[in-house]
>>> print(open('my_file_2.pdb').read())   # PDB, C-alpha atoms and all ligand atoms
ATOM      1  CA  MET A   1       0.000   0.000   0.000  1.00  0.00           C
ATOM      2  CA  ARG A   2       1.245   3.460  -0.873  1.00  0.00           C
ATOM      3  CA  LEU A   3       0.657   6.351   1.507  1.00  0.00           C
ATOM      4  CA  LEU A   4       1.069  10.094   1.272  1.00  0.00           C
ATOM      5  CA  LEU A   5       2.244  11.767   4.466  1.00  0.00           C
ATOM      6  CA  VAL A   6       1.722  15.542   4.629  1.00  0.00           C
ATOM      7  CA  GLU A   7       3.490  16.871   7.729  1.00  0.00           C
ATOM      8  CA  ASP A   8       5.708  19.939   8.026  1.00  0.00           C
ATOM      9  CA  HIS A   9       7.341  19.093  11.361  1.00  0.00           C
ATOM     10  CA  VAL A  10      10.447  17.331  10.088  1.00  0.00           C
ATOM     11  CA  PRO A  11      11.404  15.291  13.186  1.00  0.00           C
ATOM     12  CA  LEU A  12       7.852  13.894  13.403  1.00  0.00           C
ATOM     13  CA  ALA A  13       7.749  13.260   9.657  1.00  0.00           C
ATOM     14  CA  ASP A  14      11.082  11.381   9.858  1.00  0.00           C
ATOM     15  CA  GLU A  15       9.801   9.237  12.708  1.00  0.00           C
ATOM     16  CA  LEU A  16       6.517   8.477  10.941  1.00  0.00           C
ATOM     17  CA  ILE A  17       8.218   7.645   7.637  1.00  0.00           C
ATOM     18  CA  ALA A  18      10.581   5.233   9.418  1.00  0.00           C
ATOM     19  CA  GLY A  19       7.732   3.562  11.311  1.00  0.00           C
ATOM     20  CA  LEU A  20       5.410   3.285   8.315  1.00  0.00           C
ATOM     21  CA  THR A  21       8.215   1.951   6.136  1.00  0.00           C
ATOM     22  CA  ARG A  22       8.932  -0.757   8.724  1.00  0.00           C
ATOM     23  CA  GLN A  23       5.246  -1.665   8.554  1.00  0.00           C
ATOM     24  CA  GLY A  24       5.610  -2.281   4.836  1.00  0.00           C
ATOM     25  CA  TYR A  25       4.045   0.910   3.478  1.00  0.00           C
ATOM     26  CA  ALA A  26       5.548   2.849   0.591  1.00  0.00           C
ATOM     27  CA  VAL A  27       5.530   6.458   1.800  1.00  0.00           C
ATOM     28  CA  ASP A  28       5.754   9.720  -0.127  1.00  0.00           C
ATOM     29  CA  TRP A  29       6.307  12.754   2.043  1.00  0.00           C
ATOM     30  CA  LEU A  30       5.323  16.408   1.518  1.00  0.00           C
ATOM     31  CA  ALA A  31       5.544  19.369   3.902  1.00  0.00           C
ATOM     32  CA  ASP A  32       3.657  22.031   1.943  1.00  0.00           C
ATOM     33  CA  GLY A  33      -0.125  22.259   1.560  1.00  0.00           C
ATOM     34  CA  ARG A  34      -0.026  23.523  -2.018  1.00  0.00           C
ATOM     35  CA  ASP A  35       2.118  20.596  -3.145  1.00  0.00           C
ATOM     36  CA  ALA A  36      -0.239  18.248  -1.308  1.00  0.00           C
ATOM     37  CA  VAL A  37      -3.332  19.496  -3.180  1.00  0.00           C
ATOM     38  CA  TYR A  38      -1.705  18.619  -6.483  1.00  0.00           C
ATOM     39  CA  GLN A  39       0.160  15.418  -5.623  1.00  0.00           C
ATOM     40  CA  GLY A  40      -2.609  13.902  -3.512  1.00  0.00           C
ATOM     41  CA  ALA A  41      -4.966  14.166  -6.457  1.00  0.00           C
ATOM     42  CA  SER A  42      -2.547  13.034  -9.158  1.00  0.00           C
ATOM     43  CA  GLU A  43      -0.824   9.970  -7.630  1.00  0.00           C
ATOM     44  CA  PRO A  44      -2.723   6.767  -6.789  1.00  0.00           C
ATOM     45  CA  TYR A  45      -2.435   6.748  -2.989  1.00  0.00           C
ATOM     46  CA  ASP A  46      -4.197   4.126  -0.910  1.00  0.00           C
ATOM     47  CA  LEU A  47      -4.392   6.413   2.110  1.00  0.00           C
ATOM     48  CA  ILE A  48      -3.318   9.925   3.124  1.00  0.00           C
ATOM     49  CA  VAL A  49      -2.112  11.107   6.550  1.00  0.00           C
ATOM     50  CA  LEU A  50      -2.645  14.874   6.691  1.00  0.00           C
ATOM     51  CA  ASP A  51      -1.451  17.355   9.288  1.00  0.00           C
ATOM     52  CA  LEU A  52      -3.776  20.367   9.561  1.00  0.00           C
ATOM     53  CA  GLY A  53      -1.250  23.080  10.404  1.00  0.00           C
ATOM     54  CA  LEU A  54       0.757  23.350   7.189  1.00  0.00           C
ATOM     55  CA  PRO A  55       2.702  26.043   5.333  1.00  0.00           C
ATOM     56  CA  GLY A  56       1.447  27.000   1.895  1.00  0.00           C
ATOM     57  CA  LYS A  57      -2.145  26.019   2.479  1.00  0.00           C
ATOM     58  CA  PRO A  58      -3.922  24.841   5.653  1.00  0.00           C
ATOM     59  CA  GLY A  59      -4.638  21.110   5.816  1.00  0.00           C
ATOM     60  CA  LEU A  60      -8.395  21.703   6.063  1.00  0.00           C
ATOM     61  CA  GLU A  61      -8.325  23.659   2.817  1.00  0.00           C
ATOM     62  CA  VAL A  62      -6.259  20.918   1.177  1.00  0.00           C
ATOM     63  CA  LEU A  63      -8.794  18.308   2.254  1.00  0.00           C
ATOM     64  CA  ARG A  64     -11.772  20.390   1.052  1.00  0.00           C
ATOM     65  CA  GLU A  65     -10.152  20.816  -2.360  1.00  0.00           C
ATOM     66  CA  TRP A  66      -9.472  17.090  -2.656  1.00  0.00           C
ATOM     67  CA  ARG A  67     -13.045  16.181  -1.801  1.00  0.00           C
ATOM     68  CA  ALA A  68     -14.477  18.919  -4.051  1.00  0.00           C
ATOM     69  CA  GLY A  69     -12.403  17.425  -6.874  1.00  0.00           C
ATOM     70  CA  GLY A  70     -13.876  13.981  -6.244  1.00  0.00           C
ATOM     71  CA  LEU A  71     -10.897  12.372  -4.505  1.00  0.00           C
ATOM     72  CA  ALA A  72     -12.232   9.430  -2.467  1.00  0.00           C
ATOM     73  CA  THR A  73      -8.936   8.253  -0.902  1.00  0.00           C
ATOM     74  CA  PRO A  74      -9.218   7.649   2.872  1.00  0.00           C
ATOM     75  CA  VAL A  75      -7.718  10.576   4.804  1.00  0.00           C
ATOM     76  CA  LEU A  76      -6.582  10.452   8.416  1.00  0.00           C
ATOM     77  CA  ILE A  77      -5.952  13.905   9.894  1.00  0.00           C
ATOM     78  CA  LEU A  78      -3.461  14.794  12.616  1.00  0.00           C
ATOM     79  CA  THR A  79      -4.885  17.429  14.934  1.00  0.00           C
ATOM     80  CA  ALA A  80      -3.609  19.526  17.839  1.00  0.00           C
ATOM     81  CA  ARG A  81      -4.268  18.282  21.355  1.00  0.00           C
ATOM     82  CA  GLY A  82      -7.525  19.509  22.835  1.00  0.00           C
ATOM     83  CA  SER A  83      -8.771  21.124  19.649  1.00  0.00           C
ATOM     84  CA  TRP A  84     -12.204  19.586  19.258  1.00  0.00           C
ATOM     85  CA  ALA A  85     -13.128  22.368  16.795  1.00  0.00           C
ATOM     86  CA  GLU A  86     -10.305  21.182  14.508  1.00  0.00           C
ATOM     87  CA  ARG A  87     -11.488  17.585  14.697  1.00  0.00           C
ATOM     88  CA  ILE A  88     -15.076  18.545  13.893  1.00  0.00           C
ATOM     89  CA  ASP A  89     -14.042  20.797  11.016  1.00  0.00           C
ATOM     90  CA  GLY A  90     -11.814  18.010   9.727  1.00  0.00           C
ATOM     91  CA  LEU A  91     -14.574  15.423   9.805  1.00  0.00           C
ATOM     92  CA  LYS A  92     -16.946  17.863   8.110  1.00  0.00           C
ATOM     93  CA  ALA A  93     -14.364  18.511   5.396  1.00  0.00           C
ATOM     94  CA  GLY A  94     -14.278  14.796   4.609  1.00  0.00           C
ATOM     95  CA  ALA A  95     -11.690  13.196   6.914  1.00  0.00           C
ATOM     96  CA  ASP A  96     -12.263   9.496   7.598  1.00  0.00           C
ATOM     97  CA  ASP A  97     -10.480   9.417  10.934  1.00  0.00           C
ATOM     98  CA  TYR A  98      -8.269  11.589  13.123  1.00  0.00           C
ATOM     99  CA  LEU A  99      -5.483  11.247  15.603  1.00  0.00           C
ATOM    100  CA  THR A 100      -4.602  13.843  18.243  1.00  0.00           C
ATOM    101  CA  LYS A 101      -0.950  14.819  18.704  1.00  0.00           C
ATOM    102  CA  PRO A 102       1.019  13.481  20.469  1.00  0.00           C
ATOM    103  CA  PHE A 103       0.071   9.904  19.673  1.00  0.00           C
ATOM    104  CA  HIS A 104       1.645   6.494  20.012  1.00  0.00           C
ATOM    105  CA  PRO A 105       3.001   5.164  16.676  1.00  0.00           C
ATOM    106  CA  GLU A 106       1.174   1.889  17.245  1.00  0.00           C
ATOM    107  CA  GLU A 107      -2.159   3.713  17.402  1.00  0.00           C
ATOM    108  CA  LEU A 108      -1.450   5.277  14.015  1.00  0.00           C
ATOM    109  CA  ALA A 109      -0.517   1.852  12.622  1.00  0.00           C
ATOM    110  CA  LEU A 110      -3.736   0.243  13.871  1.00  0.00           C
ATOM    111  CA  ARG A 111      -5.916   3.095  12.633  1.00  0.00           C
ATOM    112  CA  ILE A 112      -4.305   2.920   9.190  1.00  0.00           C
ATOM    113  CA  GLN A 113      -4.867  -0.848   9.027  1.00  0.00           C
ATOM    114  CA  ALA A 114      -8.511  -0.458  10.074  1.00  0.00           C
ATOM    115  CA  LEU A 115      -9.108   2.390   7.645  1.00  0.00           C
ATOM    116  CA  LEU A 116      -7.636   0.398   4.755  1.00  0.00           C
ATOM    117  CA  ARG A 117      -9.778  -2.640   5.584  1.00  0.00           C
ATOM    118  CA  ARG A 118     -12.863  -0.420   5.859  1.00  0.00           C
ATOM    119  CA  SER A 119     -12.157   1.309   2.549  1.00  0.00           C
ATOM    120  CA  HIS A 120     -11.942  -2.130   0.907  1.00  0.00           C
ATOM    121  CA  GLY A 121     -15.245  -3.319   2.365  1.00  0.00           C
ATOM    122  CA  LEU A 122     -13.621  -5.503   5.055  1.00  0.00           C
ATOM    123  CA  ALA A 123     -14.638  -3.445   8.088  1.00  0.00           C
ATOM    124  CA  ASN A 124     -15.968  -6.473   9.951  1.00  0.00           C
ATOM    125  CA  GLN A 125     -12.543  -8.087  10.194  1.00  0.00           C
ATOM    126  CA  PRO A 126     -10.328  -7.585  13.242  1.00  0.00           C
ATOM    127  CA  GLN A 127      -7.427  -8.694  11.040  1.00  0.00           C
ATOM    128  CA  LEU A 128      -7.027  -9.072   7.324  1.00  0.00           C
ATOM    129  CA  GLU A 129      -8.497 -12.316   6.028  1.00  0.00           C
ATOM    130  CA  ALA A 130      -9.167 -13.333   2.461  1.00  0.00           C
ATOM    131  CA  ALA A 131      -9.951 -16.666   0.881  1.00  0.00           C
ATOM    132  CA  GLY A 132      -8.430 -18.967   3.483  1.00  0.00           C
ATOM    133  CA  LEU A 133      -5.453 -16.886   4.622  1.00  0.00           C
ATOM    134  CA  GLN A 134      -5.104 -14.655   7.681  1.00  0.00           C
ATOM    135  CA  LEU A 135      -2.526 -11.898   7.638  1.00  0.00           C
ATOM    136  CA  ASP A 136      -0.940 -10.645  10.862  1.00  0.00           C
ATOM    137  CA  GLU A 137       0.034  -7.110   9.857  1.00  0.00           C
ATOM    138  CA  GLY A 138       1.868  -6.395  13.109  1.00  0.00           C
ATOM    139  CA  ARG A 139       4.134  -9.433  12.832  1.00  0.00           C
ATOM    140  CA  GLN A 140       4.090  -9.556   9.026  1.00  0.00           C
ATOM    141  CA  CYS A 141       3.309 -13.239   8.729  1.00  0.00           C
ATOM    142  CA  VAL A 142       0.433 -15.217   7.245  1.00  0.00           C
ATOM    143  CA  SER A 143      -1.536 -18.167   8.630  1.00  0.00           C
ATOM    144  CA  ARG A 144      -3.230 -20.949   6.786  1.00  0.00           C
ATOM    145  CA  ASP A 145      -5.307 -23.542   8.674  1.00  0.00           C
ATOM    146  CA  GLY A 146      -3.788 -22.249  11.909  1.00  0.00           C
ATOM    147  CA  LYS A 147      -0.258 -22.772  10.608  1.00  0.00           C
ATOM    148  CA  GLU A 148       2.005 -19.754  10.468  1.00  0.00           C
ATOM    149  CA  ILE A 149       4.120 -19.041   7.396  1.00  0.00           C
ATOM    150  CA  GLU A 150       7.019 -16.565   7.530  1.00  0.00           C
ATOM    151  CA  LEU A 151       7.192 -13.826   4.911  1.00  0.00           C
ATOM    152  CA  THR A 152       9.932 -11.472   3.809  1.00  0.00           C
ATOM    153  CA  SER A 153       9.052  -7.797   3.923  1.00  0.00           C
ATOM    154  CA  ALA A 154       8.559  -7.659   0.133  1.00  0.00           C
ATOM    155  CA  GLU A 155       6.345 -10.760   0.182  1.00  0.00           C
ATOM    156  CA  PHE A 156       4.292  -9.317   3.020  1.00  0.00           C
ATOM    157  CA  ARG A 157       3.717  -6.037   1.172  1.00  0.00           C
ATOM    158  CA  LEU A 158       2.651  -7.820  -1.969  1.00  0.00           C
ATOM    159  CA  LEU A 159       0.386 -10.308  -0.200  1.00  0.00           C
ATOM    160  CA  ARG A 160      -1.301  -7.545   1.819  1.00  0.00           C
ATOM    161  CA  TYR A 161      -2.109  -5.719  -1.402  1.00  0.00           C
ATOM    162  CA  PHE A 162      -3.521  -8.888  -2.960  1.00  0.00           C
ATOM    163  CA  MET A 163      -5.569  -9.707   0.134  1.00  0.00           C
ATOM    164  CA  LEU A 164      -7.131  -6.238   0.159  1.00  0.00           C
ATOM    165  CA  HIS A 165      -8.167  -6.802  -3.489  1.00  0.00           C
ATOM    166  CA  PRO A 166      -9.328 -10.432  -3.605  1.00  0.00           C
ATOM    167  CA  GLY A 167     -10.585 -11.614  -6.969  1.00  0.00           C
ATOM    168  CA  GLN A 168      -9.480  -8.475  -8.804  1.00  0.00           C
ATOM    169  CA  ILE A 169      -7.154  -8.597 -11.783  1.00  0.00           C
ATOM    170  CA  LEU A 170      -4.145  -6.429 -10.974  1.00  0.00           C
ATOM    171  CA  SER A 171      -1.655  -5.516 -13.682  1.00  0.00           C
ATOM    172  CA  LYS A 172       2.049  -5.399 -12.899  1.00  0.00           C
ATOM    173  CA  GLY A 173       2.030  -1.651 -13.535  1.00  0.00           C
ATOM    174  CA  HIS A 174      -0.808  -1.164 -11.078  1.00  0.00           C
ATOM    175  CA  LEU A 175       0.917  -3.276  -8.427  1.00  0.00           C
ATOM    176  CA  ALA A 176       4.183  -1.379  -8.868  1.00  0.00           C
ATOM    177  CA  GLU A 177       2.402   1.979  -8.473  1.00  0.00           C
ATOM    178  CA  HIS A 178       0.903   0.848  -5.180  1.00  0.00           C
ATOM    179  CA  LEU A 179       3.873  -1.014  -3.717  1.00  0.00           C
ATOM    180  CA  TYR A 180       6.686   1.459  -4.370  1.00  0.00           C
ATOM    181  CA  ASP A 181       6.994   5.108  -3.418  1.00  0.00           C
ATOM    182  CA  GLY A 182       7.401   7.825  -6.045  1.00  0.00           C
ATOM    183  CA  GLU A 183      11.195   7.659  -5.946  1.00  0.00           C
ATOM    184  CA  SER A 184      11.770   3.913  -6.212  1.00  0.00           C
ATOM    185  CA  GLU A 185      12.718   2.064  -9.348  1.00  0.00           C
ATOM    186  CA  ARG A 186       9.716   0.047 -10.468  1.00  0.00           C
ATOM    187  CA  ASP A 187      10.909  -3.226 -11.884  1.00  0.00           C
ATOM    188  CA  SER A 188       8.199  -5.642 -12.916  1.00  0.00           C
ATOM    189  CA  ASN A 189      10.696  -8.537 -13.028  1.00  0.00           C
ATOM    190  CA  VAL A 190      11.235  -8.109  -9.306  1.00  0.00           C
ATOM    191  CA  LEU A 191       7.467  -8.254  -8.808  1.00  0.00           C
ATOM    192  CA  GLU A 192       7.365 -11.501 -10.746  1.00  0.00           C
ATOM    193  CA  VAL A 193      10.045 -12.978  -8.493  1.00  0.00           C
ATOM    194  CA  HIS A 194       8.057 -12.091  -5.360  1.00  0.00           C
ATOM    195  CA  VAL A 195       4.835 -13.493  -6.809  1.00  0.00           C
ATOM    196  CA  ASN A 196       6.614 -16.765  -7.509  1.00  0.00           C
ATOM    197  CA  ARG A 197       8.100 -16.896  -4.005  1.00  0.00           C
ATOM    198  CA  LEU A 198       4.637 -16.333  -2.528  1.00  0.00           C
ATOM    199  CA  ARG A 199       3.316 -19.182  -4.671  1.00  0.00           C
ATOM    200  CA  GLY A 200       6.173 -21.358  -3.452  1.00  0.00           C
ATOM    201  CA  LYS A 201       5.176 -20.713   0.160  1.00  0.00           C
ATOM    202  CA  LEU A 202       1.384 -20.682  -0.170  1.00  0.00           C
ATOM    203  CA  GLY A 203       0.623 -22.863  -3.179  1.00  0.00           C
ATOM    204  CA  ARG A 204       0.533 -22.092  -6.889  1.00  0.00           C
ATOM    205  CA  GLU A 205      -3.234 -21.634  -7.001  1.00  0.00           C
ATOM    206  CA  VAL A 206      -3.218 -18.716  -4.547  1.00  0.00           C
ATOM    207  CA  ILE A 207      -2.175 -16.205  -7.207  1.00  0.00           C
ATOM    208  CA  GLU A 208      -3.365 -16.789 -10.761  1.00  0.00           C
ATOM    209  CA  THR A 209      -1.698 -15.329 -13.826  1.00  0.00           C
ATOM    210  CA  ARG A 210      -4.055 -13.780 -16.358  1.00  0.00           C
ATOM    211  CA  ARG A 211      -2.044 -13.686 -19.538  1.00  0.00           C
ATOM    212  CA  GLY A 212      -1.569 -10.148 -20.824  1.00  0.00           C
ATOM    213  CA  GLN A 213      -3.607  -8.705 -17.935  1.00  0.00           C
ATOM    214  CA  GLY A 214      -1.831  -9.378 -14.667  1.00  0.00           C
ATOM    215  CA  TYR A 215      -2.408 -11.337 -11.484  1.00  0.00           C
ATOM    216  CA  ARG A 216      -5.461 -12.288  -9.505  1.00  0.00           C
ATOM    217  CA  TYR A 217      -5.517 -13.318  -5.839  1.00  0.00           C
ATOM    218  CA  ALA A 218      -7.695 -16.402  -5.610  1.00  0.00           C
ATOM    219  CA  GLY A 219      -6.706 -17.607  -2.156  1.00  0.00           C
ATOM    220  CA  VAL A 220      -6.635 -21.216  -1.010  1.00  0.00           C
ATOM    221  CA  ASN A 221     -10.411 -21.814  -1.111  1.00  0.00           C
ATOM    222  CA  ALA A 222     -10.779 -21.221  -4.830  1.00  0.00           C
TER
HETATM  223 CA    CA A 301       2.156  21.287  11.357  1.00  0.00          CA
END
>>> encode(input="my_file_2.pdb", output="structure tokens", more="lines below")
Ligand code: CA
Amino acid sequence: MRLLLVEDHVPLADELIAGLTRQGYAVDWLADGRDAVYQGASEPYDLIVLDLGLPGKPGLEVLREWRAGGLATPVLILTARGSWAERIDGLKAGADDYLTKPFHPEELALRIQALLRRSHGLANQPQLEAAGLQLDEGRQCVSRDGKEIELTSAEFRLLRYFMLHPGQILSKGHLAEHLYDGESERDSNVLEVHVNRLRGKLGREVIETRRGQGYRYAGVNA
């Protein structure tokens, strides 16, 4: 999953980028509200974390412009402690969730996971499950019939994306756009290698190849 972080306080941004990267998210970072309006609407983010006090353009204004332009990406806002007015204005402007500063990094991680499940129609799940596999996003491993299978970080990222889009045909280009940040090299051969390693661990049938179209997560119950 690829996230946009808009936060002008550099030490906090550094800490969040490091934490989110460890959790297997590809993160693009911006500090200026004007840049955020443009980039948030033009790149295919899966979720946006938006600070409200920003140079260039206030976060609330950024969010209003995104929603007015039809952007449906889930947005989690970061608000100042004790400012209920900010939280209410943020929710009215189209935020999906909020977190009050200072917050524990684990709370951000859990809210992001929940928001991503909800935005993919899986709100009822306490953890990500799809077609016979359960993914532990905290420990980055997958279970099948109660048996745990270890994953590398790249395999985990890929499998999480598949499990949030069960049954959908995903092209290599689409996968690369959602698994790598804006500055990474996007090599579809590398993707192919990870798909094959996942098949080696989980069974060939779990990920189907649709010739000329891409991959489709079928799970183990298909
Ligand atoms: Ca700020």
>>> closest_atom_pairs(input="my_file_2.pdb", of="chain A", to="ligand CA 301 (chain A)", cutoff="6 Å", atoms="only C-alpha atoms and all ligand atoms", output="tab-separated table")
residue	atom	partner	partner_atom	distance
A:Glu7	CA	A:CA301	CA	5.9
A:Asp8	CA	A:CA301	CA	5.1
A:His9	CA	A:CA301	CA	5.6
A:Asp51	CA	A:CA301	CA	5.7
A:Gly53	CA	A:CA301	CA	4.0
A:Leu54	CA	A:CA301	CA	4.9
>>> resolve_selection(input="my_file_2.pdb", expression="the PyMOL selection byres (((chain A and resi 26-30) around 9) and not hetatm)", output="ChimeraX atom specification")
/A:1-8,13,17,20-21,24-25,31-33,35-36,39,178-183
>>> axis_aligned_box(input="my_file_2.pdb", around="region 162-169 of chain A", padding_each_side="3 Å", output="JSON")
{"center_x": -7.1, "center_y": -8.9, "center_z": -5.8, "size_x": 13.1, "size_y": 11.4, "size_z": 17.9}
>>> resolve_selection(input="my_file_2.pdb", expression="the PyMOL selection byres (((chain A and resi 52) around 10) and not hetatm)", output="VMD selection string")
chain A and resid 6 to 8 33 49 to 51 53 to 55 57 to 63 77 to 80 86 to 87 90
>>> write_last_selection(input="my_file_2.pdb", atoms="C-alpha atoms", output="short mmCIF file (atom, residue, chain, number, x, y, z; two decimals), in the frame of the given file")
data_model
loop_
_atom_site.label_atom_id
_atom_site.label_comp_id
_atom_site.auth_asym_id
_atom_site.auth_seq_id
_atom_site.Cartn_x
_atom_site.Cartn_y
_atom_site.Cartn_z
CA VAL A 6 1.72 15.54 4.63
CA GLU A 7 3.49 16.87 7.73
CA ASP A 8 5.71 19.94 8.03
CA GLY A 33 -0.12 22.26 1.56
CA VAL A 49 -2.11 11.11 6.55
CA LEU A 50 -2.64 14.87 6.69
CA ASP A 51 -1.45 17.36 9.29
CA GLY A 53 -1.25 23.08 10.40
CA LEU A 54 0.76 23.35 7.19
CA PRO A 55 2.70 26.04 5.33
CA LYS A 57 -2.14 26.02 2.48
CA PRO A 58 -3.92 24.84 5.65
CA GLY A 59 -4.64 21.11 5.82
CA LEU A 60 -8.40 21.70 6.06
CA GLU A 61 -8.32 23.66 2.82
CA VAL A 62 -6.26 20.92 1.18
CA LEU A 63 -8.79 18.31 2.25
CA ILE A 77 -5.95 13.90 9.89
CA LEU A 78 -3.46 14.79 12.62
CA THR A 79 -4.88 17.43 14.93
CA ALA A 80 -3.61 19.53 17.84
CA GLU A 86 -10.30 21.18 14.51
CA ARG A 87 -11.49 17.58 14.70
CA GLY A 90 -11.81 18.01 9.73
#
>>> closest_atom_pairs(input="my_file_2.pdb", of="region 72-142 of chain A", to="region 192-206 of chain A", cutoff="10 Å", atoms="all atoms listed in the file", output="Markdown table")
| residue | atom | partner | partner_atom | distance |
| --- | --- | --- | --- | --- |
| A:Ala131 | CA | A:Val206 | CA | 8.9 |
| A:Gly132 | CA | A:Val206 | CA | 9.6 |
| A:Leu133 | CA | A:Leu202 | CA | 9.2 |
| A:Val142 | CA | A:Leu202 | CA | 9.3 |
>>> atom_distance(input="my_file_2.pdb", atom1="CA of Gly121 (chain A)", atom2="CA of Gly146 (chain A)")
24.1 Å
>>> resolve_selection(input="my_file_2.pdb", expression="the PyMOL selection byres (((chain A and resi 217) around 10) and not hetatm)", output="number ranges by chain")
A: 130-131, 159, 161-170, 205-209, 215-216, 218-220, 222
>>> residues_around(input="my_file_2.pdb", residues="region 105-113 of chain A", least_positions_apart="3", cutoff="9 Å", atoms="only C-alpha atoms", output="short mmCIF file (atom, residue, chain, number, x, y, z; two decimals) with C-alpha atoms, in the frame of the given file")
data_model
loop_
_atom_site.label_atom_id
_atom_site.label_comp_id
_atom_site.auth_asym_id
_atom_site.auth_seq_id
_atom_site.Cartn_x
_atom_site.Cartn_y
_atom_site.Cartn_z
CA GLU A 15 9.80 9.24 12.71
CA LEU A 16 6.52 8.48 10.94
CA GLY A 19 7.73 3.56 11.31
CA LEU A 20 5.41 3.28 8.32
CA GLN A 23 5.25 -1.66 8.55
CA LEU A 47 -4.39 6.41 2.11
CA VAL A 49 -2.11 11.11 6.55
CA LEU A 76 -6.58 10.45 8.42
CA ASP A 97 -10.48 9.42 10.93
CA TYR A 98 -8.27 11.59 13.12
CA LEU A 99 -5.48 11.25 15.60
CA LEU A 116 -7.64 0.40 4.76
CA ARG A 117 -9.78 -2.64 5.58
CA ARG A 118 -12.86 -0.42 5.86
CA GLN A 127 -7.43 -8.69 11.04
CA LEU A 128 -7.03 -9.07 7.32
CA GLU A 137 0.03 -7.11 9.86
CA GLY A 138 1.87 -6.40 13.11
#
>>> closest_residue(input="my_file_2.pdb", among="A:Asp187, A:Asp14, A:Ile48, A:Arg22", to="Gln140 (chain A)", atoms="only C-alpha atoms")
A:Arg22
>>> atom_distance(input="my_file_2.pdb", atom1="CA of Glu148 (chain A)", atom2="CA of Asp136 (chain A)")
9.6 Å
